[in-house]
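start.tsv follows; it contains TSV, C-alpha atoms and all ligand atoms.
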chain	number	residue	atom	x	y	z
U	30	MET	CA	29.01	64.62	56.10
U	31	ARG	CA	31.65	61.93	55.84
U	32	ASP	CA	33.54	59.99	53.19
U	33	ALA	CA	35.30	56.64	53.47
U	34	VAL	CA	38.41	58.21	54.99
U	35	THR	CA	36.77	60.54	57.49
U	36	SER	CA	34.41	57.75	58.58
U	37	LEU	CA	37.37	55.55	59.31
U	38	ILE	CA	39.19	58.29	61.21
U	39	LYS	CA	36.09	58.91	63.28
U	40	THR	CA	35.78	55.24	64.19
U	41	TYR	CA	39.41	54.94	65.25
U	42	ASP	CA	39.61	58.29	66.99
U	43	ILE	CA	36.64	57.45	69.23
U	44	THR	CA	38.72	54.72	70.84
U	45	GLY	CA	42.09	56.48	70.43
U	46	ARG	CA	43.55	53.77	68.24
U	47	TYR	CA	46.03	53.90	65.38
U	48	PHE	CA	44.81	52.36	62.11
U	49	ASP	CA	45.12	48.58	62.27
U	50	ARG	CA	45.30	46.08	59.43
U	51	ASP	CA	41.52	46.19	58.82
U	52	ALA	CA	41.64	49.95	58.54
U	53	ILE	CA	44.55	49.82	56.13
U	54	ASP	CA	42.71	47.25	53.99
U	55	THR	CA	39.67	49.52	53.88
U	56	LEU	CA	41.87	52.45	52.84
U	57	LYS	CA	43.60	50.38	50.17
U	58	ASP	CA	40.25	49.32	48.71
U	59	TYR	CA	39.04	52.88	48.71
U	60	PHE	CA	42.10	54.28	46.94
U	61	ALA	CA	42.39	51.34	44.56
U	62	SER	CA	38.81	51.90	43.39
U	63	GLY	CA	39.27	55.69	43.19
U	64	MET	CA	39.53	55.98	39.41
U	65	ASP	CA	36.50	53.70	38.99
U	66	ARG	CA	34.49	55.93	41.32
U	67	VAL	CA	35.41	59.07	39.43
U	68	THR	CA	34.72	57.41	36.07
U	69	VAL	CA	31.28	56.23	37.17
U	70	ALA	CA	30.38	59.65	38.59
U	71	THR	CA	31.48	61.30	35.32
U	72	VAL	CA	29.38	58.93	33.26
U	73	LEU	CA	26.33	59.46	35.47
U	74	ASN	CA	26.72	63.24	35.36
U	75	ALA	CA	26.96	63.22	31.58
U	76	ASN	CA	23.91	60.99	31.15
U	77	ALA	CA	21.74	62.00	34.09
U	78	ALA	CA	18.81	63.45	32.15
U	79	SER	CA	18.49	60.53	29.75
U	80	LEU	CA	19.04	57.99	32.51
U	81	VAL	CA	16.22	59.47	34.63
U	82	LYS	CA	13.98	59.65	31.59
U	83	SER	CA	14.50	56.05	30.49
U	84	ALA	CA	14.36	54.68	34.02
U	85	SER	CA	11.07	56.44	34.69
U	86	LEU	CA	9.61	55.22	31.37
U	87	ALA	CA	10.61	51.68	32.30
U	88	LEU	CA	9.06	52.12	35.75
U	89	PHE	CA	5.77	53.46	34.35
U	90	GLU	CA	5.70	50.59	31.89
U	91	GLU	CA	6.06	48.11	34.75
U	92	VAL	CA	3.60	49.91	37.05
U	93	PRO	CA	1.23	51.76	34.68
U	94	GLU	CA	-1.36	52.44	37.39
U	95	LEU	CA	0.95	55.11	38.84
U	96	LEU	CA	-0.02	57.35	35.91
U	97	ARG	CA	-3.73	56.62	35.95
U	98	PRO	CA	-6.33	58.60	37.92
U	99	GLY	CA	-5.80	57.66	41.57
U	100	GLY	CA	-2.15	56.83	40.94
U	101	ASN	CA	0.45	58.82	42.84
U	102	ALA	CA	2.21	60.14	39.73
U	103	TYR	CA	-1.10	61.16	38.09
U	104	THR	CA	-1.32	64.89	37.21
U	105	THR	CA	1.53	66.85	35.70
U	106	ARG	CA	2.60	68.22	39.07
U	107	ARG	CA	3.02	64.80	40.65
U	108	TYR	CA	4.58	63.29	37.53
U	109	ALA	CA	7.17	66.09	37.64
U	110	ALA	CA	7.72	65.53	41.39
U	111	CYS	CA	8.33	61.84	40.72
U	112	LEU	CA	10.93	62.53	38.03
U	113	ARG	CA	12.55	65.13	40.24
U	114	ASP	CA	12.81	62.56	43.04
U	115	MET	CA	14.44	60.07	40.65
U	116	ASP	CA	16.93	62.76	39.69
U	117	TYR	CA	17.68	63.42	43.40
U	118	TYR	CA	18.39	59.72	43.94
U	119	LEU	CA	20.73	59.63	40.98
U	120	ARG	CA	22.59	62.82	41.85
U	121	TYR	CA	23.12	61.83	45.47
U	122	ALA	CA	24.12	58.33	44.38
U	123	SER	CA	26.87	59.94	42.29
U	124	TYR	CA	28.10	61.86	45.35
U	125	ALA	CA	28.06	58.72	47.50
U	126	ILE	CA	29.97	56.81	44.81
U	127	VAL	CA	32.75	59.38	44.92
U	128	ALA	CA	32.70	59.53	48.73
U	129	GLY	CA	32.72	55.74	49.04
U	130	ASP	CA	30.34	56.20	51.94
U	131	ALA	CA	26.57	56.31	52.48
U	132	ASP	CA	26.66	59.14	54.98
U	133	VAL	CA	25.64	61.79	52.43
U	134	LEU	CA	22.60	59.66	51.57
U	135	ASN	CA	21.56	59.26	55.18
U	136	GLU	CA	22.00	62.92	55.96
U	137	ARG	CA	20.65	64.59	52.82
U	138	VAL	CA	18.23	62.12	51.26
U	139	LEU	CA	16.92	59.45	53.58
U	140	TYR	CA	16.46	61.32	56.82
U	141	GLY	CA	12.68	61.66	57.33
U	142	LEU	CA	11.94	60.55	53.77
U	143	ARG	CA	9.83	57.52	54.59
U	144	GLU	CA	7.65	59.61	56.90
U	145	THR	CA	7.21	62.25	54.18
U	146	TYR	CA	6.32	59.62	51.60
U	147	ASN	CA	3.89	57.93	53.94
U	148	SER	CA	2.13	61.16	54.80
U	149	LEU	CA	1.77	62.08	51.11
U	150	GLY	CA	0.80	58.59	50.00
U	151	VAL	CA	3.88	58.22	47.77
U	152	PRO	CA	4.20	54.44	47.36
U	153	ILE	CA	7.58	53.07	48.50
U	154	ALA	CA	7.68	49.82	46.51
U	155	PRO	CA	7.61	51.43	43.04
U	156	THR	CA	10.03	54.12	44.23
U	157	VAL	CA	12.46	51.41	45.24
U	158	ARG	CA	11.89	49.71	41.90
U	159	GLY	CA	12.74	52.99	40.17
U	160	ILE	CA	15.99	53.16	42.14
U	161	GLN	CA	16.83	49.61	41.14
U	162	ILE	CA	16.11	50.30	37.47
U	163	MET	CA	18.48	53.27	37.64
U	164	LYS	CA	21.08	51.02	39.22
U	165	GLU	CA	20.82	48.53	36.35
U	166	MET	CA	21.12	51.30	33.77
U	167	ALA	CA	24.02	52.89	35.67
U	168	ARG	CA	25.80	49.54	35.65
U	169	GLY	CA	25.40	49.30	31.90
U	170	MET	CA	26.85	52.78	31.41
U	171	ALA	CA	29.70	52.07	33.81
U	172	ALA	CA	30.53	48.87	31.93
U	173	GLU	CA	30.59	50.77	28.63
U	174	ALA	CA	33.07	53.16	30.26
U	175	GLY	CA	35.23	50.19	31.23
U	176	VAL	CA	34.25	49.90	34.90
U	177	THR	CA	33.46	46.31	35.78
U	178	ASN	CA	33.51	46.80	39.54
U	179	ASN	CA	29.75	46.55	40.09
U	180	ALA	CA	30.08	47.02	43.84
U	181	VAL	CA	31.10	50.64	43.28
U	182	VAL	CA	27.93	51.31	41.27
U	183	ASP	CA	25.55	49.21	43.34
U	184	ALA	CA	26.41	50.47	46.84
U	185	PRO	CA	24.40	53.72	47.02
U	186	PHE	CA	21.37	52.40	45.12
U	187	ASP	CA	21.23	49.34	47.35
U	188	HIS	CA	21.70	51.45	50.45
U	189	MET	CA	18.75	53.69	49.51
U	190	THR	CA	16.68	50.62	48.69
U	191	ARG	CA	17.40	49.01	52.06
U	192	GLU	CA	16.76	52.15	54.07
U	193	LEU	CA	13.58	53.08	52.22
U	194	SER	CA	12.01	49.66	52.31
U	195	GLU	CA	12.76	49.04	55.98
U	196	VAL	CA	9.46	48.29	57.67
U	197	ASP	CA	8.32	50.66	60.38
U	198	ILE	CA	7.88	49.05	63.79
U	201	LIG	C1	17.23	65.71	48.06
U	201	LIG	C2	16.42	64.92	49.01
U	201	LIG	C3	14.93	65.03	48.78
U	201	LIG	C4	14.08	64.00	48.46
U	201	LIG	C5	14.45	62.58	48.22
U	201	LIG	C6	12.76	64.55	48.38
U	201	LIG	C7	11.60	63.82	48.13
U	201	LIG	C8	10.26	64.29	48.16
U	201	LIG	N1	9.31	63.86	47.28
U	201	LIG	C9	8.14	64.48	47.53
U	201	LIG	C10	6.94	64.34	46.83
U	201	LIG	C11	6.63	63.42	45.79
U	201	LIG	N2	7.35	62.35	45.37
U	201	LIG	C12	6.70	61.69	44.37
U	201	LIG	C13	7.28	60.50	43.75
U	201	LIG	C14	6.68	59.40	43.17
U	201	LIG	N3	5.35	59.14	43.04
U	201	LIG	C15	5.16	57.94	42.44
U	201	LIG	O1	4.06	57.45	42.18
U	201	LIG	C16	6.44	57.29	42.09
U	201	LIG	C17	6.52	55.90	42.70
U	201	LIG	C18	7.48	58.25	42.64
U	201	LIG	C19	8.54	58.60	41.60
U	201	LIG	C20	9.42	57.44	41.32
U	201	LIG	C21	5.50	62.39	44.11
U	201	LIG	C22	4.43	62.09	43.07
U	201	LIG	C23	5.45	63.47	45.02
U	201	LIG	C24	4.34	64.51	45.16
U	201	LIG	C25	3.28	63.95	46.08
U	201	LIG	C26	2.18	64.93	46.38
U	201	LIG	O2	2.47	66.13	46.59
U	201	LIG	O3	1.04	64.51	46.36
U	201	LIG	C27	8.32	65.38	48.64
U	201	LIG	C28	7.25	66.25	49.25
U	201	LIG	C29	7.46	67.72	48.91
U	201	LIG	C30	7.44	67.99	47.43
U	201	LIG	O4	6.47	67.62	46.74
U	201	LIG	O5	8.44	68.52	46.95
U	201	LIG	C31	9.63	65.24	49.04
U	201	LIG	C32	10.28	65.95	50.22
U	201	LIG	N4	12.85	65.89	48.64
U	201	LIG	C33	14.13	66.22	48.89
U	201	LIG	O6	14.58	67.36	49.16
Here is the file; what I need is its structure written in the form of structure tokens.
Amino acid sequence: MRDAVTSLIKTYDITGRYFDRDAIDTLKDYFASGMDRVTVATVLNANAASLVKSASLALFEEVPELLRPGGNAYTTRRYAACLRDMDYYLRYASYAIVAGDADVLNERVLYGLRETYNSLGVPIAPTVRGIQIMKEMARGMAAEAGVTNNAVVDAPFDHMTRELSEVDI
């Protein structure tokens, strides 16, 4: 599992190079946004349960058929699995925000996920919508905590969205 720094070291070590100007700029960005990352992670940790709850309510309001007979979140067991998945996405997003790198998402969350969802009939589009709703709510909470750097908040949610919605060929 890598963070912004170890990813950069890996890239440069492969070709035996010292850090160049691009690398130094990447490092500067990472360290300059460090306090923002920690603040956002703290806010998400403190509000995780309510964030998952409100985001799922908003999702079920937008896509009510998920909860009806035949819907994938119908039955208590599947409803609970859906909320648990939302909580996974949020928790791993908070790790990735601190790491400044998507590697933890690729390794722990996304690897094999689309195949699992497809085989269980878990619909991807509303899942992605749920992730985006959490992103919007996370942004709001970050802003209240004084973090206006949306890129820090958006990165992991957008990464999961892109990777999950990628069409199989
Ligand atoms: C930490 C990394 C990790 C992830 C991401 C993960 C996801 C994950 N979600 C699953 C199921 C599921 N996921 C959902 C989710 C939903 N259904 C909907 O209609 C909504 C769109 C959506 C919620 C937003 C549901 C309902 C199931 C149960 C499906 C079934 O068993 O029929 C399963 C199958 C096994 C199980 O039920 O536990 C996995 C592996 N597991 C992991 O270990």
Using only C-alpha atoms and all ligand atoms, which residues of the polymer chains come no farther than 6 Å from ligand LIG 201 (chain U)? I'd like the answer as a ChimeraX atom specification. /U:95,101-102,107-108,110-112,114-115,117,137-138,149,151-152,155-156,159
Of the candidates U:Leu56, U:Ala109, U:Ile43, U:Val72, which one gets nearest to U:Val176 if we count only C-alpha atoms?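 Answer, going by the shortest atom-to-atom distance: U:Val72.
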Got a sec: who's within 10 Å of U:Arg143, counting all atoms listed in the file, leaving out chain neighbours fewer than 5 positions off, as a list in words?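 The residues that qualify are Ser148, Leu149, Val151, Pro152, Ile153, Glu192, Leu193, Ser194, Glu195, Val196 and Asp197 of chain U.
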Can I get the selected residues back with C-alpha atoms, as a CSV table (one decimal), keeping the file's coordinate frame?
chain,number,residue,atom,x,y,z
U,148,SER,CA,2.1,61.2,54.8
U,149,LEU,CA,1.8,62.1,51.1
U,151,VAL,CA,3.9,58.2,47.8
U,152,PRO,CA,4.2,54.4,47.4
U,153,ILE,CA,7.6,53.1,48.5
U,192,GLU,CA,16.8,52.2,54.1
U,193,LEU,CA,13.6,53.1,52.2
U,194,SER,CA,12.0,49.7,52.3
U,195,GLU,CA,12.8,49.0,56.0
U,196,VAL,CA,9.5,48.3,57.7
U,197,ASP,CA,8.3,50.7,60.4
For U:Ala184, which residue among U:Gly99, U:Pro93, U:Gly63, U:Gly129 is the nearest when counting all atoms listed in the file? U:Gly129
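Taking all atoms listed in the file into account, U:Ser36 lies nearest to U:Ala52 out of the set U:Ala52, U:Val181, U:Ala172, U:Met189.
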Taking all atoms listed in the file into account, which of U:Val81, U:Val67, U:Val127, U:Val157 comes nearest U:Val34?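 Residue with the minimum atom-to-atom distance to U:Val34: U:Val127.
Each of U:Ser123, U:Thr145, U:Thr35, U:Thr71 was checked against U:Thr55 using only C-alpha atoms; the smallest atom-to-atom distance is that of U:Thr35.
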Could you state the separation of atom CA of U:Glu173 and atom CA of U:Asp116 in Å, given to one decimal place? 21.3 Å
